[in-house]
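File shown here: work.txt, holding compact mmCIF, C-alpha atoms and all ligand atoms.
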# COMPACT_ATOMS: atom_id res chain seq x y z
CA MET A 174 -5.17 -12.96 -16.82
CA ARG A 175 -3.67 -12.44 -13.39
CA LYS A 176 -2.79 -8.81 -12.85
CA HIS A 177 0.92 -8.10 -12.54
CA LEU A 178 1.54 -6.33 -9.24
CA ALA A 179 4.60 -4.56 -7.83
CA LEU A 180 5.00 -4.20 -4.09
CA PHE A 181 6.82 -1.10 -2.80
CA GLY A 182 8.03 -1.17 0.81
CA SER A 183 10.62 0.32 3.13
CA GLY A 184 10.20 -1.77 6.27
CA ARG A 185 8.80 -4.81 7.98
CA GLY A 186 6.54 -5.96 5.17
CA SER A 187 3.59 -7.32 7.14
CA ASN A 188 1.01 -5.87 4.74
CA GLY A 189 2.99 -7.24 1.82
CA GLU A 190 2.89 -10.61 3.53
CA ALA A 191 -0.87 -10.42 4.07
CA ILE A 192 -1.34 -9.71 0.36
CA TYR A 193 1.11 -12.45 -0.63
CA LYS A 194 -0.75 -14.98 1.53
CA ALA A 195 -4.12 -13.95 0.08
CA ILE A 196 -2.70 -14.50 -3.40
CA GLU A 197 -1.26 -17.88 -2.40
CA ALA A 198 -4.68 -18.84 -1.00
CA GLY A 199 -6.24 -18.03 -4.36
CA HIS A 200 -8.28 -15.04 -3.16
CA ILE A 201 -6.71 -12.48 -5.50
CA ASN A 202 -6.52 -12.69 -9.27
CA GLY A 203 -3.05 -11.18 -9.30
CA GLU A 204 0.59 -11.98 -8.88
CA ILE A 205 3.44 -10.05 -7.24
CA VAL A 206 6.04 -9.96 -10.00
CA LEU A 207 8.38 -7.38 -8.50
CA ILE A 208 9.32 -5.86 -5.15
CA ILE A 209 10.93 -2.44 -4.96
CA SER A 210 12.47 -1.16 -1.76
CA ASP A 211 14.53 1.94 -1.07
CA ARG A 212 16.33 0.12 1.76
CA PRO A 213 18.39 -3.07 1.42
CA HIS A 214 18.15 -4.58 4.90
CA VAL A 215 14.46 -4.63 5.75
CA GLY A 216 11.78 -7.25 6.25
CA ILE A 217 10.06 -6.79 2.92
CA VAL A 218 13.34 -7.45 1.09
CA GLU A 219 14.02 -10.62 3.08
CA LYS A 220 10.46 -11.82 2.61
CA GLY A 221 10.54 -11.16 -1.14
CA ARG A 222 13.71 -13.22 -1.51
CA ALA A 223 12.19 -16.05 0.54
CA TRP A 224 9.15 -15.96 -1.79
CA HIS A 225 11.50 -16.06 -4.85
CA ILE A 226 10.09 -12.81 -6.17
CA PRO A 227 12.57 -10.43 -7.89
CA VAL A 228 13.61 -7.70 -5.43
CA HIS A 229 15.20 -4.45 -6.60
CA ILE A 230 16.68 -1.84 -4.29
CA VAL A 231 16.00 1.58 -5.79
CA ASP A 232 17.39 4.26 -3.48
CA PRO A 233 16.82 7.81 -4.77
CA ALA A 234 20.12 8.83 -3.14
CA ASN A 235 21.90 6.88 -5.90
CA TYR A 236 20.30 8.80 -8.76
CA GLY A 237 21.15 12.47 -8.16
CA ILE A 238 18.13 14.01 -9.83
CA GLU A 239 14.52 13.03 -9.34
CA ALA A 240 13.94 12.37 -13.04
CA ALA A 241 16.63 9.65 -13.07
CA TRP A 242 15.16 7.94 -10.01
CA THR A 243 11.69 8.10 -11.57
CA GLN A 244 12.96 6.63 -14.82
CA ALA A 245 14.73 3.79 -13.02
CA MET A 246 11.45 2.78 -11.38
CA LEU A 247 9.43 3.17 -14.58
CA ASP A 248 11.96 1.03 -16.47
CA LEU A 249 11.60 -1.78 -13.93
CA LEU A 250 7.81 -1.60 -14.02
CA GLN A 251 7.87 -1.82 -17.80
CA GLU A 252 10.32 -4.71 -17.76
CA TYR A 253 8.03 -6.73 -15.48
CA GLU A 254 4.87 -5.53 -17.27
CA VAL A 255 3.45 -4.20 -14.01
CA GLU A 256 -0.20 -3.13 -14.04
CA GLY A 257 -0.74 -2.31 -10.39
CA ILE A 258 1.51 -0.84 -7.70
CA LEU A 259 0.91 -1.59 -4.02
CA LEU A 260 2.57 0.71 -1.53
CA ALA A 261 2.92 -1.10 1.78
CA GLY A 262 4.96 0.83 4.30
CA TYR A 263 6.78 2.68 1.53
CA MET A 264 8.28 5.76 3.17
CA ARG A 265 8.84 7.96 0.11
CA ILE A 266 6.65 10.46 -1.68
CA LEU A 267 6.50 9.32 -5.30
CA PRO A 268 7.34 12.00 -7.89
CA PRO A 269 4.31 13.51 -9.70
CA THR A 270 5.47 12.20 -13.09
CA PHE A 271 5.56 8.69 -11.65
CA VAL A 272 2.06 9.05 -10.17
CA GLN A 273 0.76 10.37 -13.47
CA ALA A 274 2.20 7.39 -15.37
CA TYR A 275 0.24 4.92 -13.18
CA ARG A 276 -2.69 7.08 -12.07
CA GLY A 277 -5.56 4.95 -10.83
CA ASN A 278 -3.27 1.97 -10.51
CA ILE A 279 -1.32 2.82 -7.34
CA LEU A 280 -2.76 1.77 -3.98
CA ASN A 281 -1.58 2.67 -0.47
CA ILE A 282 -2.50 1.72 3.08
CA HIS A 283 -2.46 4.38 5.79
CA PRO A 284 -2.96 3.77 9.53
CA SER A 285 -5.70 6.33 10.15
CA LEU A 286 -9.21 7.13 9.02
CA LEU A 287 -8.31 9.54 6.24
CA PRO A 288 -8.62 12.46 5.76
CA ALA A 289 -7.60 12.62 9.45
CA PHE A 290 -3.97 12.26 10.47
CA THR A 291 -2.07 12.21 7.20
CA GLY A 292 1.69 11.76 7.08
CA LEU A 293 4.01 10.19 9.62
CA GLN A 294 3.06 8.69 13.01
CA ALA A 295 -0.65 8.66 12.35
CA GLN A 296 -1.29 6.48 15.41
CA LYS A 297 0.57 8.93 17.66
CA GLN A 298 -1.36 11.83 16.12
CA ALA A 299 -4.63 10.05 16.94
CA LEU A 300 -3.57 9.45 20.56
CA LEU A 301 -2.47 13.06 21.03
CA LYS A 302 -5.73 14.36 19.60
CA GLY A 303 -7.74 12.13 21.89
CA VAL A 304 -10.03 10.66 19.25
CA LYS A 305 -12.15 7.74 20.47
CA TYR A 306 -11.97 5.88 17.18
CA THR A 307 -9.34 5.67 14.49
CA GLY A 308 -8.49 2.98 11.97
CA CYS A 309 -6.93 2.46 8.58
CA THR A 310 -7.59 3.41 4.98
CA VAL A 311 -6.71 1.90 1.62
CA HIS A 312 -6.71 4.57 -1.06
CA PHE A 313 -5.55 5.32 -4.57
CA VAL A 314 -2.43 7.46 -4.66
CA ASP A 315 -2.52 10.92 -6.19
CA GLU A 316 0.08 13.70 -6.12
CA GLY A 317 -0.76 14.67 -2.54
CA MET A 318 0.23 12.96 0.68
CA ASP A 319 -2.44 10.42 1.71
CA THR A 320 -5.08 12.36 -0.23
CA GLY A 321 -6.23 10.06 -3.07
CA PRO A 322 -9.67 8.47 -3.54
CA ILE A 323 -10.62 6.15 -0.67
CA ILE A 324 -11.22 2.46 -1.46
CA ALA A 325 -11.75 0.86 1.96
CA GLN A 326 -11.63 1.76 5.63
CA ALA A 327 -11.84 -0.04 8.96
CA VAL A 328 -12.55 1.52 12.34
CA VAL A 329 -10.87 0.58 15.62
CA PRO A 330 -11.56 1.97 19.11
CA VAL A 331 -8.95 3.96 21.01
CA TYR A 332 -8.72 3.02 24.71
CA GLU A 333 -7.61 5.32 27.52
CA ASP A 334 -4.60 3.18 28.37
CA ASP A 335 -3.47 2.75 24.76
CA THR A 336 0.14 3.34 23.83
CA VAL A 337 1.34 3.89 20.26
CA ASP A 338 2.28 0.20 20.24
CA THR A 339 -1.04 -1.21 21.45
CA LEU A 340 -3.03 1.06 19.14
CA SER A 341 -0.76 0.29 16.16
CA THR A 342 -1.19 -3.44 16.75
CA ARG A 343 -5.00 -3.10 16.80
CA ILE A 344 -4.94 -1.05 13.60
CA LEU A 345 -2.46 -3.39 11.89
CA HIS A 346 -4.80 -6.31 12.42
CA GLU A 347 -7.43 -4.45 10.37
CA GLU A 348 -4.86 -3.36 7.77
CA HIS A 349 -4.10 -7.02 7.08
CA ARG A 350 -7.79 -7.63 6.48
CA ILE A 351 -8.75 -4.66 4.29
CA TYR A 352 -5.64 -4.30 2.13
CA PRO A 353 -5.84 -7.78 0.56
CA GLU A 354 -9.58 -7.25 0.07
CA ALA A 355 -8.98 -3.93 -1.72
CA VAL A 356 -6.32 -5.59 -3.89
CA ARG A 357 -8.80 -8.35 -4.73
CA LEU A 358 -11.31 -5.77 -5.95
CA PHE A 359 -8.61 -3.89 -7.86
CA CYS A 360 -7.54 -7.08 -9.62
CA GLU A 361 -11.15 -7.72 -10.63
CA ASP A 362 -11.32 -4.21 -12.13
CA ALA A 363 -14.17 -3.56 -9.70
CA LEU A 364 -12.97 -0.12 -8.56
CA ASN A 365 -14.14 2.89 -10.55
CA ILE A 366 -12.77 6.32 -9.74
CA VAL A 367 -15.55 8.86 -10.18
CA GLY A 368 -14.29 12.34 -9.42
CA SER A 369 -12.69 12.10 -6.00
CA ARG A 370 -14.67 8.98 -5.01
CA VAL A 371 -14.28 5.28 -5.60
CA VAL A 372 -17.39 3.42 -6.67
CA ILE A 373 -17.28 -0.35 -6.23
CA LYS A 374 -19.02 -2.32 -8.94
CA LYS A 375 -22.21 -3.87 -7.57
CA GLN A 376 -21.29 -7.50 -8.14
CA ALA A 377 -18.05 -7.11 -6.15
CA ILE A 378 -19.15 -6.55 -2.56
CA ILE A 379 -16.51 -5.77 0.09
CA LYS A 380 -16.24 -8.80 2.37
C1 LIG B 1 1.61 0.21 8.23
O1 LIG B 1 1.13 0.67 9.46
C2 LIG B 1 1.02 1.01 7.10
O2 LIG B 1 -0.28 1.44 7.34
C3 LIG B 1 1.95 2.18 7.03
O3 LIG B 1 3.23 1.66 7.31
C4 LIG B 1 3.11 0.46 8.06
C5 LIG B 1 3.77 -0.60 7.27
O4 LIG B 1 3.87 -1.81 7.95
N1 LIG B 1 1.84 2.83 5.74
P1 LIG B 1 4.35 -3.11 7.16
O5 LIG B 1 5.71 -2.79 6.54
O6 LIG B 1 3.32 -3.44 6.13
O7 LIG B 1 4.46 -4.16 8.23

Since I need it in another form, could you write the structure as structure tokens?
Ligand code: GRF
Amino acid sequence: MRKHLALFGSGRGSNGEAIYKAIEAGHINGEIVLIISDRPHVGIVEKGRAWHIPVHIVDPANYGIEAAWTQAMLDLLQEYEVEGILLAGYMRILPPTFVQAYRGNILNIHPSLLPAFTGLQAQKQALLKGVKYTGCTVHFVDEGMDTGPIIAQAVVPVYEDDTVDTLSTRILHEEHRIYPEAVRLFCEDALNIVGSRVVIKKQAIIK
């Protein structure tokens, strides 16, 4: 059975596209059955429509209280029988009750080597700190911000003449490689959360 996946995004959607293409190429035993965005006029929404995948705009501002927003998302996930949630440039903190309902089944990509540089503008944080290497991390989502168990990471060098743009481009290239690979492993049920670590089943080596 192909795992039913929901993609959550707020922007451009390049990671979503990398995952979509890996699915189309037959590399992932899953299927994006639903896209949720909090913003109507963004790349991920346009892409989803072009791919003929149901897109729902769920903006918390329309729900008043957090519980109603949470329930609206949970209802959609149930309707589409979603088993895995992929955050890809989703700019909201998910409510704890939502995280608890799908614990161990929500993945996120972050443009730094976690636990360094959590939160917004991770690439700018890395430049300001003067680190020589940074990168990206795919992790399971817990109630914290960018704190859940780490699934995969990639390292990129930081050069002296880097700008936020040049560094972000170098990191994004790696994001598009490791996120689909992490989703592949997730869809094979090859990721075991043991305490705060992720153990990858032996037969499913990271490529
Ligand atoms: C990526 O840099 C990702 O790491 C971060 O937000 C950005 C999303 O880009 N969480 P895109 O929408 O996938 O193109």

TODO: Would you list the contacts of Asn278 in chain A as a PyMOL selection string, taking every protein, DNA or RNA residue within 7 Å and counting all atoms listed in the file, but skipping same-chain residues closer than 4 positions in sequence?
DONE: chain A and resi 256-258

- [ ] Skip range 193-195 of chain A itself and residues of its chain fewer than 3 positions away, then list as an NGL selection string all residues within 12 Å of it, counting all atoms listed in the file.
- [x] :A and (178-180 or 186-190 or 198-208 or 217 or 220-221 or 223-226 or 259 or 261 or 349-357)

- [ ] Would you list the residues that come within 10 Å of ligand LIG 1 (chain B)? Count all atoms listed in the file and give the answer as a PyMOL selection string.
- [x] chain A and resi 181-192+215-217+260-264+281-285+292-296+308-311+319+341-342+344-349+352

For C-alpha atoms, I'd like the residues from the last selection saved as a PDB file, in the coordinates of the input.
ATOM      1  CA  PHE A 181       6.820  -1.100  -2.800  1.00  0.00           C
ATOM      2  CA  GLY A 182       8.030  -1.170   0.810  1.00  0.00           C
ATOM      3  CA  SER A 183      10.620   0.320   3.130  1.00  0.00           C
ATOM      4  CA  GLY A 184      10.200  -1.770   6.270  1.00  0.00           C
ATOM      5  CA  ARG A 185       8.800  -4.810   7.980  1.00  0.00           C
ATOM      6  CA  GLY A 186       6.540  -5.960   5.170  1.00  0.00           C
ATOM      7  CA  SER A 187       3.590  -7.320   7.140  1.00  0.00           C
ATOM      8  CA  ASN A 188       1.010  -5.870   4.740  1.00  0.00           C
ATOM      9  CA  GLY A 189       2.990  -7.240   1.820  1.00  0.00           C
ATOM     10  CA  GLU A 190       2.890 -10.610   3.530  1.00  0.00           C
ATOM     11  CA  ALA A 191      -0.870 -10.420   4.070  1.00  0.00           C
ATOM     12  CA  ILE A 192      -1.340  -9.710   0.360  1.00  0.00           C
ATOM     13  CA  VAL A 215      14.460  -4.630   5.750  1.00  0.00           C
ATOM     14  CA  GLY A 216      11.780  -7.250   6.250  1.00  0.00           C
ATOM     15  CA  ILE A 217      10.060  -6.790   2.920  1.00  0.00           C
ATOM     16  CA  LEU A 260       2.570   0.710  -1.530  1.00  0.00           C
ATOM     17  CA  ALA A 261       2.920  -1.100   1.780  1.00  0.00           C
ATOM     18  CA  GLY A 262       4.960   0.830   4.300  1.00  0.00           C
ATOM     19  CA  TYR A 263       6.780   2.680   1.530  1.00  0.00           C
ATOM     20  CA  MET A 264       8.280   5.760   3.170  1.00  0.00           C
ATOM     21  CA  ASN A 281      -1.580   2.670  -0.470  1.00  0.00           C
ATOM     22  CA  ILE A 282      -2.500   1.720   3.080  1.00  0.00           C
ATOM     23  CA  HIS A 283      -2.460   4.380   5.790  1.00  0.00           C
ATOM     24  CA  PRO A 284      -2.960   3.770   9.530  1.00  0.00           C
ATOM     25  CA  SER A 285      -5.700   6.330  10.150  1.00  0.00           C
ATOM     26  CA  GLY A 292       1.690  11.760   7.080  1.00  0.00           C
ATOM     27  CA  LEU A 293       4.010  10.190   9.620  1.00  0.00           C
ATOM     28  CA  GLN A 294       3.060   8.690  13.010  1.00  0.00           C
ATOM     29  CA  ALA A 295      -0.650   8.660  12.350  1.00  0.00           C
ATOM     30  CA  GLN A 296      -1.290   6.480  15.410  1.00  0.00           C
ATOM     31  CA  GLY A 308      -8.490   2.980  11.970  1.00  0.00           C
ATOM     32  CA  CYS A 309      -6.930   2.460   8.580  1.00  0.00           C
ATOM     33  CA  THR A 310      -7.590   3.410   4.980  1.00  0.00           C
ATOM     34  CA  VAL A 311      -6.710   1.900   1.620  1.00  0.00           C
ATOM     35  CA  ASP A 319      -2.440  10.420   1.710  1.00  0.00           C
ATOM     36  CA  SER A 341      -0.760   0.290  16.160  1.00  0.00           C
ATOM     37  CA  THR A 342      -1.190  -3.440  16.750  1.00  0.00           C
ATOM     38  CA  ILE A 344      -4.940  -1.050  13.600  1.00  0.00           C
ATOM     39  CA  LEU A 345      -2.460  -3.390  11.890  1.00  0.00           C
ATOM     40  CA  HIS A 346      -4.800  -6.310  12.420  1.00  0.00           C
ATOM     41  CA  GLU A 347      -7.430  -4.450  10.370  1.00  0.00           C
ATOM     42  CA  GLU A 348      -4.860  -3.360   7.770  1.00  0.00           C
ATOM     43  CA  HIS A 349      -4.100  -7.020   7.080  1.00  0.00           C
ATOM     44  CA  TYR A 352      -5.640  -4.300   2.130  1.00  0.00           C
TER      45      TYR A 352
END

Put the listed atoms of range 359-369 of chain A in a box along x, y and z with 3 Å added on every side and give me the centre and edge lengths in Å to one decimal, as AutoDock Vina command-line options.
--center_x -11.5 --center_y 2.3 --center_z -9.1 --size_x 14.0 --size_y 26.1 --size_z 12.1

Open item on the list: I'd like the interatomic distance between CA of Gly368 in chain A and CA of Asp315 in chain A, to a tenth of an Å.
Closed with: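 Computing it gives 12.3 Å between the two atoms.
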
- [ ] Could you check which of A:Tyr236, A:Tyr275, A:Phe290, A:Phe359 is closest to Val371 in chain A, using all atoms listed in the file?
- [x] A:Phe359

- [ ] Determine the nearest neighbour of Ile209 in chain A from the options A:Met318, A:Leu250, A:Ala234, A:Ala289, counting all atoms listed in the file.
- [x]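 With all atoms listed in the file as the atom set, the closest residue is A:Leu250.
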
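Distance-wise, CA of Gly277 in chain A and CA of His177 in chain A end up 14.7 Å apart.
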
TODO: Could you tell me which of A:Asp338, A:Glu254, A:Glu316, A:Asp248 comes closest to Ile279 in chain A if we count all atoms listed in the file?
DONE: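 Closest candidate: A:Glu316.
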
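What separates CA of Ile366 in chain A from CA of Phe271 in chain A is a distance of 18.6 Å.
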
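Restricting the calculation to all atoms listed in the file, the smallest distance between Gln298 in chain A and any of A:Gln326, A:Val272, A:Thr336, A:Arg222 is found for A:Thr336.
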
Task: From A:Leu267, A:Val331, A:Val372, A:Ile230, residue lying nearest Thr243 in chain A [all atoms listed in the file] - done: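 That would be A:Leu267, the residue with the smallest distance to Thr243 in chain A.
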
Open item on the list: Could you check the closest approach to Arg343 in chain A for each of A:Val314, A:Cys360, A:Val328, A:Val228 and tell me which residue wins, using all atoms listed in the file?
Closed with: A:Val328

Task: Radius query 6 Å about (-9.0, 4.4, -3.3), atoms used: all atoms listed in the file, as a VMD selection string - done: chain A and resid 311 to 313 322 to 324 371

Kindly complete range 189-207 of chain A to N, CA and C atoms; the output should be written as a short mmCIF file (atom, residue, chain, number, x, y, z; two decimals), keeping the file's coordinate frame.
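Generated file (part_34.cif):
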data_model
loop_
_atom_site.label_atom_id
_atom_site.label_comp_id
_atom_site.auth_asym_id
_atom_site.auth_seq_id
_atom_site.Cartn_x
_atom_site.Cartn_y
_atom_site.Cartn_z
N GLY A 189 2.57 -6.49 3.00
CA GLY A 189 2.99 -7.24 1.82
C GLY A 189 2.76 -8.73 2.02
N GLU A 190 3.07 -9.19 3.22
CA GLU A 190 2.89 -10.61 3.53
C GLU A 190 1.41 -11.00 3.52
N ALA A 191 0.57 -10.12 4.06
CA ALA A 191 -0.87 -10.42 4.07
C ALA A 191 -1.40 -10.54 2.63
N ILE A 192 -0.91 -9.67 1.76
CA ILE A 192 -1.34 -9.71 0.36
C ILE A 192 -0.78 -10.97 -0.32
N TYR A 193 0.49 -11.25 -0.05
CA TYR A 193 1.11 -12.45 -0.63
C TYR A 193 0.33 -13.71 -0.25
N LYS A 194 -0.03 -13.79 1.05
CA LYS A 194 -0.75 -14.98 1.53
C LYS A 194 -2.14 -15.08 0.90
N ALA A 195 -2.79 -13.94 0.71
CA ALA A 195 -4.12 -13.95 0.08
C ALA A 195 -4.01 -14.41 -1.38
N ILE A 196 -2.93 -14.04 -2.02
CA ILE A 196 -2.70 -14.50 -3.40
C ILE A 196 -2.45 -16.01 -3.40
N GLU A 197 -1.58 -16.44 -2.49
CA GLU A 197 -1.26 -17.88 -2.40
C GLU A 197 -2.52 -18.72 -2.13
N ALA A 198 -3.43 -18.13 -1.34
CA ALA A 198 -4.68 -18.84 -1.00
C ALA A 198 -5.70 -18.78 -2.13
N GLY A 199 -5.35 -18.07 -3.20
CA GLY A 199 -6.24 -18.03 -4.36
C GLY A 199 -7.35 -16.99 -4.26
N HIS A 200 -7.22 -16.04 -3.33
CA HIS A 200 -8.28 -15.04 -3.16
C HIS A 200 -8.15 -13.85 -4.11
N ILE A 201 -6.97 -13.67 -4.69
CA ILE A 201 -6.71 -12.48 -5.50
C ILE A 201 -6.26 -12.92 -6.88
N ASN A 202 -6.88 -12.35 -7.90
CA ASN A 202 -6.52 -12.69 -9.27
C ASN A 202 -5.33 -11.84 -9.73
N GLY A 203 -4.24 -11.97 -9.00
CA GLY A 203 -3.05 -11.18 -9.30
C GLY A 203 -1.82 -11.94 -8.87
N GLU A 204 -0.68 -11.31 -9.16
CA GLU A 204 0.59 -11.98 -8.88
C GLU A 204 1.62 -10.88 -8.60
N ILE A 205 2.38 -11.03 -7.52
CA ILE A 205 3.44 -10.05 -7.24
C ILE A 205 4.65 -10.45 -8.09
N VAL A 206 4.96 -9.61 -9.06
CA VAL A 206 6.04 -9.96 -10.00
C VAL A 206 7.33 -9.21 -9.67
N LEU A 207 7.23 -8.24 -8.76
CA LEU A 207 8.38 -7.38 -8.50
C LEU A 207 8.22 -6.72 -7.14
#
